[in-house]
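> First the structure, then my questions, so here it is.
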Amino acid sequence: LPERFVAPWLIRHVVPPPVFIVGMPRSGTTHLHNLLALDPQFRAPRNYEVFNPHGFLTGWLTTAILAPFLSWRRPMDAVQMQVFSPQEEEFALAGMCGLSPYWSFGFPRRTPALNRFWFSTGFSPREADRWARLYGLFLRKLTVWSRRTPLLKNPANTGRVALLRKYFPGSKFIHIHRHPHAVYRSNLHLAREGLVVFQLQDPPPEGGYEARILENYRRAIDSYYAEIGPLPDGDVLDVRYEDLDRDALGEIERIYDHLGWHMTEAYRSKLVAYLEGVAGYRKNSFTPLAEQDQQRVNAVMAPYLDQWGYASATDTPRAA
């Protein structure tokens, strides 16, 4: 209630063009977000902000109440998660309006109806205007004190590039991809070990998240490449998760060089310290996909296996 009166006087500024990290869920978006969020030129949403989007400017009591109940690790991969950890803003959008596919995590029987919000073409003009207005409101609140560039990680935005560039001109896109076998396998694990925590009803045998993984995967990537076509080369970049995992510092330097950013020594030092701190993190370990599943993934993702350089790569037994 206080924020409804205070916020209009505080958030009249223009938000800098955001940086959007996109990619299929389980492709490494969180890892990349955590690395870039260490740079003070960016402002990433935090857990307490996305889960209280209407009141995080003034609702400090809510933040204090939230802290003891927040899981310290994500249920699907044991990644550390704290009140001030970077988080994807799709949760904030879901809380501010019903125009989000993330509502299907709690209500999986509504997956077919909500699935359209993964894509630019799924919004009606009226829905798009409302969605963009609330998105802008959240970003203005996020940057009210710092005016820094929003750094946003949101797998749901992979198929929304055209919509985002319409309402946030000048924004940049970093797309991270990973071997489709690993992505598919990890999304199965997400559905069975992660999303089940949020479900308020049993999912339908057909049409839920698990059943639509490959369909959404291919359609989202098709949409992404179709919609970045008109954008300047310096505003978009593809990143291989495997390269980031092997040489994070070198890959971050490549990102900065391509997008025209300056890497300060202070940020480099923070980045090195963070990488040393997570060096002992152990990814989930899985057996390779069954031959039948590999063939299904290959059939659906064949063009991208070749484009991303995975056509000759064998399936590996480890995936986050």
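Please note that chains go A, B, ... in the order of the structure tokens, that every chain numbers its residues from 1, and that ligands are numbered from 1 in the order shown.
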Quick one: everything within 9 Å of Ala132 in chain A, counting only C-alpha atoms, minus sequence neighbours fewer than 2 positions away in the same chain. Send it as a list of chain:residue names.
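The residues satisfying every condition are A:Glu127, A:Ala128, A:Asp129, A:Arg130, A:Leu134, A:Tyr135, A:Gly136, A:Leu137, A:Leu163, A:Leu164, A:Tyr167, A:Phe168.
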> So which residues of range 83-297 of chain A fall under strand (DSSP E or B) by DSSP, listed as a ChimeraX atom specification?
/A:86,119,149-153,159,172-177,236-240,285
> For each of A:Leu151, A:Val161, A:Leu36, A:Leu139, take the minimum atom-to-atom distance to Arg268 in chain A, counting only C-alpha atoms, then give the residue where this is smallest.
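The shortest atom-to-atom distance to Arg268 in chain A comes from A:Leu36.
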> Can you pull out the residues contacting Leu275 in chain A? Cut-off 12 Å, using only C-alpha atoms, and skip same-chain residues under 2 positions away; I want them as a list in words.
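Using only C-alpha atoms, the neighbours found are His31, Leu32, Asn34, Leu35, Leu36, Leu38, Leu244, Asp245, Arg246, Asp247, Ala248, Leu249, Ile252, Arg268, Ser269, Lys270, Leu271, Val272, Ala273, Gly277, Val278, Ala279, Gly280 and Tyr281 of chain A.
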> Name all residues at most 10 Å from Pro2 in chain A (count only C-alpha atoms; drop same-chain ones fewer than 4 positions away) and give them as a list in words.
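Using only C-alpha atoms, the neighbours found are Val6, Ala7, Gly55, Leu57, Thr58 and Gly59 of chain A.
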> Just checking: using only C-alpha atoms, which residue out of A:Gly260, A:Pro53, A:Pro204, A:Pro232 ends up closest to Cys97 in chain A?
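That would be A:Pro53, the residue with the smallest distance to Cys97 in chain A.
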> Pick out the residues sitting within 8 Å of range 108-118 of chain A, and hand them over as a list in words; count only C-alpha atoms, and ignore anything fewer than 6 positions along from it in its own chain.
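Final neighbour list, sorted by chain and number: Leu99, Ser100, Pro101, Ala156, Asn157, Thr158, Gly159, Arg160, Gln199, Gln201, Asp202, Pro203, Pro204, Gly207, Gly208, Tyr209 and Ala220 of chain A.
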